[in-house]
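J.: Handing over input-v8.txt, compact mmCIF, C-alpha atoms.
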# COMPACT_ATOMS: atom_id res chain seq x y z
CA MET R 216 -58.87 64.90 34.57
CA SER R 217 -57.55 61.45 35.14
CA THR R 218 -59.59 58.61 36.45
CA PRO R 219 -58.54 57.25 39.81
CA GLU R 220 -57.01 53.79 39.94
CA PRO R 221 -59.17 51.10 41.49
CA ALA R 222 -57.97 49.94 44.91
CA ARG R 223 -56.01 46.66 44.91
CA ILE R 224 -56.72 43.95 47.39
CA VAL R 225 -53.50 42.50 48.80
CA GLN R 226 -53.72 38.88 49.88
CA PRO R 227 -51.10 37.20 52.10
CA VAL R 228 -48.63 34.97 50.28
CA PRO R 229 -48.77 31.31 51.43
CA PRO R 230 -45.47 29.79 52.62
CA ALA R 231 -43.37 27.92 50.03
CA ARG R 232 -43.78 24.67 51.95
CA PRO R 233 -46.92 23.99 53.92
CA ASP R 234 -44.87 22.41 56.74
CA ALA R 235 -42.27 25.20 56.86
CA THR R 236 -43.37 26.19 60.33
CA THR R 237 -42.89 22.71 61.83
CA ALA R 238 -39.53 21.27 62.84
CA PRO R 239 -38.02 18.65 60.49
CA GLU R 240 -38.21 15.03 61.56
CA PRO R 241 -34.95 13.45 62.72
CA ILE R 242 -33.27 11.14 60.21
CA ASN R 243 -32.94 7.51 61.26
CA GLN R 244 -29.16 6.97 61.17
CA SER R 245 -29.38 3.25 61.90
CA ALA R 246 -31.11 2.37 58.64
CA PRO R 247 -28.68 0.93 56.07
CA VAL R 248 -28.22 2.91 52.90
CA PRO R 249 -28.52 0.68 49.85
CA ALA R 250 -25.56 0.64 47.49
CA PRO R 251 -26.20 2.29 44.15
CA VAL R 252 -26.97 -0.22 41.43
CA PRO R 253 -24.97 0.42 38.25
CA ALA R 254 -26.93 0.79 35.07
CA PRO R 255 -26.84 -2.25 32.78
CA GLY R 256 -23.75 -2.27 30.60
CA THR R 257 -21.68 0.03 32.84
CA GLU R 258 -19.85 -2.63 34.85
CA PRO R 259 -16.15 -2.87 34.02
CA PHE R 260 -14.89 -5.36 31.46
CA LEU R 261 -12.14 -6.57 33.83
CA SER R 262 -11.92 -6.30 37.57
CA LEU R 263 -9.07 -4.30 39.07
CA HIS R 264 -7.44 -7.49 40.38
CA THR R 265 -7.47 -9.10 36.93
CA ALA R 266 -6.09 -5.99 35.26
CA VAL R 267 -3.19 -5.76 37.74
CA VAL R 268 -2.32 -9.45 37.36
CA LEU R 269 -2.36 -9.27 33.55
CA LEU R 270 -0.29 -6.07 33.55
CA ALA R 271 2.30 -7.65 35.85
CA ASP R 272 2.33 -10.75 33.60
CA ALA R 273 3.02 -8.59 30.56
CA VAL R 274 5.87 -6.76 32.32
CA ILE R 275 7.45 -10.02 33.47
CA GLY R 276 7.16 -11.50 29.98
CA LEU R 277 8.74 -8.44 28.36
CA VAL R 278 11.60 -8.35 30.86
CA ILE R 279 12.38 -12.05 30.38
CA ALA R 280 12.19 -11.70 26.58
CA ALA R 281 14.49 -8.66 26.63
CA LEU R 282 17.02 -10.38 28.89
CA THR R 283 16.95 -13.46 26.66
CA VAL R 284 17.64 -11.36 23.53
CA VAL R 285 20.47 -9.52 25.31
CA SER R 286 22.05 -12.85 26.22
CA GLY R 287 22.50 -13.58 22.52
CA THR R 288 19.73 -16.02 21.61
CA HIS R 289 17.43 -15.79 18.59
CA PRO R 290 14.49 -13.30 19.00
CA ALA R 291 11.94 -16.06 18.35
CA THR R 292 13.39 -18.06 21.23
CA ALA R 293 13.26 -14.95 23.41
CA ALA R 294 9.58 -14.47 22.51
CA VAL R 295 8.78 -18.04 23.52
CA ALA R 296 10.69 -17.57 26.78
CA GLY R 297 8.79 -14.35 27.51
CA LEU R 298 5.40 -15.91 26.79
CA THR R 299 6.27 -18.90 28.94
CA ALA R 300 7.36 -16.67 31.83
CA ALA R 301 4.17 -14.63 31.57
CA GLY R 302 2.01 -17.74 31.55
CA VAL R 303 3.74 -19.38 34.48
CA SER R 304 3.69 -16.20 36.58
CA THR R 305 -0.11 -15.81 36.22
CA THR R 306 -1.02 -18.37 38.88
CA ALA R 307 1.62 -17.13 41.31
CA LEU R 308 0.61 -13.49 40.89
CA ARG R 309 -3.07 -14.32 41.24
CA ALA R 310 -2.39 -15.87 44.63
CA LEU R 311 0.02 -13.14 45.77
CA ILE R 312 -1.96 -10.06 44.73
CA ARG R 313 -5.06 -9.81 46.91
Output the structure of this file as structure tokens.

T.:
Amino acid sequence: MSTPEPARIVQPVPPARPDATTAPEPINQSAPVPAPVPAPGTEPFLSLHTAVVLLADAVIGLVIAALTVVSGTHPATAAVAGLTAAGVSTTALRALIR
């Protein structure tokens, strides 16, 4: 004959959260949310404004240099003209692009 199994005592399971039966507190919507602080070393090398100005400078310089070469001048002269155009356009583009 087999021996009978001992009787198990079943205990109630506690709720996952002790405050699960209470209503959640309302969130204060008027409190400002702080902006996330970037980790050190993750800020960009150039700002977006600076990158756009430098890219536009490079395009202007290349266009002027290409047009100068097409007009029949020496390529070195065209390079100087392109660099000059890029340099001069920096201040104007900085003021115009905001």

J.: Enter the distance from atom CA of His264 of chain R to atom CA of Pro251 of chain R, in Å, rounded to one decimal.

T.: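 These atoms are spaced 21.5 Å apart.
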
J.: So that I can check the surroundings of segment 295-297 of chain R, please list as a list of chain:residue names every protein, DNA and RNA residue that reaches within 10 Å of it, counting all atoms listed in the file and ignoring chain neighbours fewer than 3 positions away.

T.: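 Close residues of segment 295-297 of chain R: R:Asp272, R:Ala273, R:Val274, R:Ile275, R:Gly276, R:Leu277, R:Val278, R:Ile279, R:Ala280, R:Ala281, R:Leu282, R:Thr283, R:Val284, R:Pro290, R:Ala291, R:Thr292, R:Ala300, R:Ala301, R:Gly302, R:Val303.
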
J.: To one decimal in Å, tell me the separation between atom CA of Ile312 of chain R and atom CA of Leu298 of chain R.

T.: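 Distance between the two atoms: 20.3 Å.
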
J.: How many Å separate atom CA of Val267 of chain R from atom CA of Pro255 of chain R?

T.: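 Between atom CA of Val267 of chain R and atom CA of Pro255 of chain R the gap works out to 24.4 Å.
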